[in-house]
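S.K.: Structure in structure tokens, see below.
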Amino acid sequence: MSVLDSPDLATIRDALLAAQRVVITTHIRPDGDALGSEIAVGRWLRGMGKAVYCLNADPEPKPLRWLLDEQPKKLVRTYDPGALSHAELIASADALLIVDVNAEHRLGSVGKPFRDAAAAGKPVYLLDHHPDPETWFTASCVRTDAAAAGEIVYDLIAGHDPSAIDRAIATALYVAIMTDTGSFRFGSTTPRTHAIISDLLERGDFKPEPIHVALYDGKTPEALRLLGRALGSIRSHYDGRLTSMTVSQEMLSASGADFQDTEGLIQYALAMEGAVASVIFLETLSGIKISFRSKGDCPINGWAGRYGGGGHANASGAYVKNRPLEQVRKDVIDSAPVHVVAPPEAVAEAEEGHELSEEELALLAQFQSNR
Ligand SMILES: [Mn+2]
């Protein structure tokens, strides 16, 4: 297995290898990529005798608790801004590392201490695969073509010592890459993704099935009742190219589900025949969380950007406060065409059988393959 190395990654690897005390963090509401990536780095560095801790603003979601249970005690902790011991961990670290997120506000309560540490001259490194990173880091390795931060972490570790990838690290990286690629189905999945997974399976000697069961087959009756209601809320727009789903507070309480149970629901809206993009509106107590998903060459991060959010080309999000659900819904759906509807000229010309330009042919192929 060849390692994809680069000067920016090597800089961060050298800095981590030189450090004795490292604190790692990731984004709020950490997912499989966030936790798997930081655990893999943490286990790798601890394996060399370094003092390493992951301090996250939020605890792990329930389906990932087993992964945390497999780690040494206190490798991953939920940051307590009032805890002296946590402040001391950050203060005494030689290096801080951020994975799978690139903006201070997405670090939650850990954002300020990390930013303050950077301002005070402590090295803060970034390993991430999201576009448009902030620039306050000492060094960054950002690969937007990586399907998961876990792929970059694989290169980080394998570029130093592939034999360090034991079962624990391989399992953590498998979780990172598998979850961020939607079980290897999103457009971000590449031959390299599978090559890395192949190497992880060989080195780690673990079985994928129990991981998938733990992550996806542990639904509570309440979560399945919510799924039923959410499926009933699916609407189709613009000739079916866009679908939407809505989860209100009323639906959550009527089903008895947790907000965490809304995770992954949008995939069902995107499963409708002909849909190239989907949007889900999740009513929280403090605002409307909007998630955007798309298939193929249909970037929706610009659409999320209109509502103050952002993310990947095929998976983005935004959060709107102080506006009622119905109004946000209408606004977002009304603003969809420029982002998800194919240019009408391309369709009209094709129907009339005119000669099309290269550009129009490409647009048309995209439009048709996405239907
Ligand atoms: Mn990720």
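Labeling convention for the structure tokens: chains A, B, ... as they appear, residues from 1 per chain, ligands from 1 in order of appearance.
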Within 10 Å of segment 105-114 of chain A, counting only C-alpha atoms, which residues qualify if same-chain residues fewer than 2 places away don't, as a ChimeraX atom specification?

M.R.: /A:23-30,55-58,78-81,87,90-91,96-98,101-103,116-120,122-124,137

S.K.: Keeping C-alpha atoms for every residue in the selection just given, could you write it to a file as a CSV table (one decimal), in the first residue's frame?

M.R.:
chain,number,residue,atom,x,y,z
A,23,VAL,CA,-4.0,17.3,23.0
A,24,ILE,CA,-6.3,16.4,20.2
A,25,THR,CA,-9.8,17.7,19.5
A,26,THR,CA,-12.5,17.6,16.9
A,27,HIS,CA,-15.9,19.1,16.0
A,28,ILE,CA,-19.0,19.5,18.1
A,29,ARG,CA,-21.3,16.4,18.1
A,30,PRO,CA,-18.4,14.2,17.0
A,55,LEU,CA,-10.6,16.7,24.6
A,56,ASN,CA,-14.0,17.1,22.8
A,57,ALA,CA,-16.7,19.7,23.4
A,58,ASP,CA,-19.4,17.0,23.2
A,78,THR,CA,-15.5,15.5,27.3
A,79,TYR,CA,-14.0,19.0,27.8
A,80,ASP,CA,-15.2,20.8,30.9
A,81,PRO,CA,-14.3,24.5,30.7
A,87,ALA,CA,-7.0,23.5,31.3
A,90,ILE,CA,-3.9,22.1,27.1
A,91,ALA,CA,-1.4,24.5,28.9
A,96,LEU,CA,-2.4,20.7,19.8
A,97,LEU,CA,-4.1,18.9,16.9
A,98,ILE,CA,-7.5,19.5,15.4
A,101,VAL,CA,-13.0,20.4,11.3
A,102,ASN,CA,-11.4,23.7,10.3
A,103,ALA,CA,-13.2,26.5,12.1
A,116,ASP,CA,-6.0,31.3,22.8
A,117,ALA,CA,-3.2,28.8,22.9
A,118,ALA,CA,-2.4,29.5,19.2
A,119,ALA,CA,-2.4,33.2,19.8
A,120,ALA,CA,0.0,32.6,22.7
A,122,LYS,CA,1.6,27.2,21.1
A,123,PRO,CA,1.7,25.1,17.9
A,124,VAL,CA,-1.8,24.1,16.8
A,137,PHE,CA,-3.2,27.2,12.6

S.K.: Where in segment 107-179 of chain A does DSSP assign strand (DSSP E), given as a list in words?

M.R.: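 Assigned to strand (DSSP E), within segment 107-179 of chain A: Val124, Tyr125, Leu126, Leu127, Asp128, Ala139, Ser140, Cys141 and Val142 of chain A.
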
S.K.: Could you write out the selected residues, including C-alpha atoms, as a PDB file, in the first residue's frame?

M.R.:
ATOM      1  CA  VAL A 124      -1.788  24.102  16.751  1.00  0.00           C
ATOM      2  CA  TYR A 125      -2.022  21.721  13.790  1.00  0.00           C
ATOM      3  CA  LEU A 126      -4.914  20.939  11.470  1.00  0.00           C
ATOM      4  CA  LEU A 127      -5.691  17.708   9.616  1.00  0.00           C
ATOM      5  CA  ASP A 128      -8.918  18.019   7.682  1.00  0.00           C
ATOM      6  CA  ALA A 139       0.460  24.266   9.949  1.00  0.00           C
ATOM      7  CA  SER A 140      -2.414  22.641   8.068  1.00  0.00           C
ATOM      8  CA  CYS A 141      -2.862  19.593   5.908  1.00  0.00           C
ATOM      9  CA  VAL A 142      -6.186  19.979   4.123  1.00  0.00           C
TER      10      VAL A 142
END

S.K.: Name all residues at most 12 Å from Lys219 of chain A (count only C-alpha atoms; drop same-chain ones fewer than 2 positions away) and give them as a ChimeraX atom specification.

M.R.: /A:62-63,213-217,221-227,257-258,260-264

S.K.: How would the residues just picked look written out with C-alpha atoms as an mmCIF file, in the first residue's frame?

M.R.:
data_model
loop_
_atom_site.group_PDB
_atom_site.id
_atom_site.type_symbol
_atom_site.label_atom_id
_atom_site.label_comp_id
_atom_site.auth_asym_id
_atom_site.auth_seq_id
_atom_site.Cartn_x
_atom_site.Cartn_y
_atom_site.Cartn_z
ATOM 1 C CA LYS A 62 -24.661 6.324 21.478
ATOM 2 C CA PRO A 63 -23.892 4.103 18.437
ATOM 3 C CA VAL A 213 -24.290 -3.814 13.359
ATOM 4 C CA ALA A 214 -23.164 -1.651 16.285
ATOM 5 C CA LEU A 215 -23.450 1.522 14.224
ATOM 6 C CA TYR A 216 -26.627 0.940 12.256
ATOM 7 C CA ASP A 217 -28.642 -1.906 13.769
ATOM 8 C CA PRO A 221 -38.379 1.407 18.932
ATOM 9 C CA GLU A 222 -38.691 5.161 19.453
ATOM 10 C CA ALA A 223 -36.131 5.861 16.719
ATOM 11 C CA LEU A 224 -37.994 3.590 14.313
ATOM 12 C CA ARG A 225 -41.287 5.299 15.150
ATOM 13 C CA LEU A 226 -39.608 8.619 14.346
ATOM 14 C CA LEU A 227 -38.362 7.133 11.078
ATOM 15 C CA ALA A 257 -37.116 9.643 20.083
ATOM 16 C CA ASP A 258 -33.933 11.577 20.863
ATOM 17 C CA GLN A 260 -29.659 11.964 17.916
ATOM 18 C CA ASP A 261 -32.118 9.609 16.230
ATOM 19 C CA THR A 262 -32.465 12.095 13.379
ATOM 20 C CA GLU A 263 -28.939 11.130 12.277
ATOM 21 C CA GLY A 264 -29.013 9.556 8.807
#

S.K.: Would you mind telling me which residue in A:Gly150, A:Gly287, A:Pro210, A:Pro299 lies nearest to Gly187 of chain A when using only C-alpha atoms?

M.R.: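 Of A:Gly150, A:Gly287, A:Pro210, A:Pro299, the one nearest Gly187 of chain A, counting only C-alpha atoms, is A:Pro299.
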
S.K.: For Ser236 of chain A, work out the shell of residues within 10 Å, counting only C-alpha atoms and skipping chain neighbours fewer than 2 positions away, then give it as a list in words.

M.R.: Ser233, Ile234, Tyr238, Asp239, Gly240, Arg241, Leu242, Thr243, Ser244, Met245, Ala269, Met272, Gly274, Ala275 and Ser278 of chain A

S.K.: Among segment 225-343 of chain A, which ones does DSSP place in helix (DSSP H, G or I), written as a ChimeraX atom specification?

M.R.: /A:225-232,238-240,249-255,259-262,266-270,301-305,325-334,337-340

S.K.: Using only C-alpha atoms, which of the listed residues (A:Ala176, A:Ile169, A:Ile288, A:Ala336) sits closest to Lys321 of chain A?

M.R.: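 Smallest distance to Lys321 of chain A is found for A:Ile288.
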
S.K.: So, counting only C-alpha atoms and all ligand atoms, which residue among A:Val338, A:Ala148, A:Leu325, A:Ala313 is closest to ligand 1?

M.R.: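 With only C-alpha atoms and all ligand atoms as the atom set, the closest residue is A:Ala148.
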
S.K.: Counting only C-alpha atoms and all ligand atoms, what are the residues of chain A within 7 Å of ligand 1, and for each of them which pair of atoms is the nearest and at what distance in Å, to one decimal? Sort the table by chain and rising number, as JSON lines.

M.R.:
{"residue": "A:Asp33", "atom": "CA", "partner": "ligand 1", "partner_atom_place_in_ligand_line": "1 (Mn)", "distance": 4.9}
{"residue": "A:Ala34", "atom": "CA", "partner": "ligand 1", "partner_atom_place_in_ligand_line": "1 (Mn)", "distance": 6.2}
{"residue": "A:Asp100", "atom": "CA", "partner": "ligand 1", "partner_atom_place_in_ligand_line": "1 (Mn)", "distance": 4.9}
{"residue": "A:His129", "atom": "CA", "partner": "ligand 1", "partner_atom_place_in_ligand_line": "1 (Mn)", "distance": 6.5}
{"residue": "A:Ala148", "atom": "CA", "partner": "ligand 1", "partner_atom_place_in_ligand_line": "1 (Mn)", "distance": 4.5}
{"residue": "A:Ala149", "atom": "CA", "partner": "ligand 1", "partner_atom_place_in_ligand_line": "1 (Mn)", "distance": 5.0}
{"residue": "A:Asp180", "atom": "CA", "partner": "ligand 1", "partner_atom_place_in_ligand_line": "1 (Mn)", "distance": 5.7}

S.K.: Restricting the calculation to only C-alpha atoms: of A:Ser255, A:Gly309, A:Ser183, A:Thr246, which residue gets closest to Thr220 of chain A?

M.R.: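 Closest to Thr220 of chain A of all the choices is A:Ser255.
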
S.K.: With only C-alpha atoms as the counted atoms, please give the residues lying no more than 12 Å from Arg65 of chain A, apart from itself and same-chain residues fewer than 5 positions off, as an MDAnalysis selection string.

M.R.: chainID A and resid 30:32 35:36 59:60 70:71 76 211 214:215 218

S.K.: Those same residues, written as a short mmCIF file (atom, residue, chain, number, x, y, z; two decimals), in the first residue's frame with N, CA, C and O atoms?

M.R.:
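Output file out-v4.cif follows:
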data_model
loop_
_atom_site.label_atom_id
_atom_site.label_comp_id
_atom_site.auth_asym_id
_atom_site.auth_seq_id
_atom_site.Cartn_x
_atom_site.Cartn_y
_atom_site.Cartn_z
N PRO A 30 -19.40 15.00 17.81
CA PRO A 30 -18.44 14.22 17.01
C PRO A 30 -19.09 12.99 16.37
O PRO A 30 -19.92 12.33 16.98
N ASP A 31 -18.69 12.71 15.13
CA ASP A 31 -19.21 11.54 14.40
C ASP A 31 -18.10 10.48 14.29
O ASP A 31 -17.06 10.59 14.93
N GLY A 32 -18.33 9.49 13.47
CA GLY A 32 -17.38 8.39 13.34
C GLY A 32 -16.02 8.84 12.83
O GLY A 32 -14.98 8.36 13.31
N LEU A 35 -14.23 10.97 15.75
CA LEU A 35 -13.73 10.14 16.85
C LEU A 35 -12.71 9.12 16.37
O LEU A 35 -11.66 8.93 16.99
N GLY A 36 -13.01 8.46 15.26
CA GLY A 36 -12.08 7.46 14.74
C GLY A 36 -10.72 8.06 14.42
O GLY A 36 -9.67 7.48 14.71
N PRO A 59 -19.85 14.78 24.04
CA PRO A 59 -19.61 13.34 24.16
C PRO A 59 -19.95 12.61 22.86
O PRO A 59 -20.54 13.18 21.94
N GLU A 60 -19.59 11.33 22.82
CA GLU A 60 -19.82 10.53 21.62
C GLU A 60 -21.31 10.19 21.49
O GLU A 60 -22.01 10.09 22.48
N GLU A 70 -13.52 0.72 24.06
CA GLU A 70 -12.35 -0.09 23.73
C GLU A 70 -11.04 0.68 23.93
O GLU A 70 -9.96 0.11 23.74
N GLN A 71 -11.13 1.96 24.28
CA GLN A 71 -9.91 2.76 24.41
C GLN A 71 -9.41 2.75 25.85
O GLN A 71 -10.19 2.52 26.77
N VAL A 76 -10.15 9.61 25.65
CA VAL A 76 -11.10 10.59 25.10
C VAL A 76 -11.95 11.13 26.24
O VAL A 76 -12.57 10.37 26.97
N ILE A 211 -19.09 -4.08 13.41
CA ILE A 211 -19.01 -2.62 13.44
C ILE A 211 -20.26 -2.02 12.80
O ILE A 211 -20.89 -1.11 13.33
N ALA A 214 -23.19 -2.57 15.14
CA ALA A 214 -23.16 -1.65 16.28
C ALA A 214 -23.58 -0.24 15.87
O ALA A 214 -24.26 0.46 16.60
N LEU A 215 -23.18 0.15 14.65
CA LEU A 215 -23.45 1.52 14.22
C LEU A 215 -24.86 1.71 13.68
O LEU A 215 -25.47 2.75 13.88
N GLY A 218 -28.72 -0.72 15.86
CA GLY A 218 -29.04 -0.59 17.28
C GLY A 218 -30.17 0.39 17.51
O GLY A 218 -30.23 1.05 18.54
#

S.K.: Which is closer to Asp334 of chain A than all the others in A:Tyr268, A:Trp303, A:Phe184, A:Phe259, using only C-alpha atoms?

M.R.: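 Checking each of A:Tyr268, A:Trp303, A:Phe184, A:Phe259 against Asp334 of chain A, counting only C-alpha atoms, the winner is A:Trp303.
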
S.K.: So the first atom is atom CA of Phe292 of chain A and the second is atom CA of Ser316 of chain A; what is the distance between them in Å, to one decimal place?

M.R.: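 Going from atom CA of Phe292 of chain A over to atom CA of Ser316 of chain A, I get 5.1 Å.
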
S.K.: Using only C-alpha atoms, which residue out of A:Asp145, A:Ile152, A:Arg77, A:Gly317 lies closest to Ser6 of chain A?

M.R.: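 Answer, going by the shortest atom-to-atom distance: A:Ile152.
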
S.K.: May I ask for the distance between atom CA of Ala51 of chain A and atom CA of Arg21 of chain A, given in Å to one decimal place?

M.R.: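 Between these atoms lies a distance of 4.8 Å.
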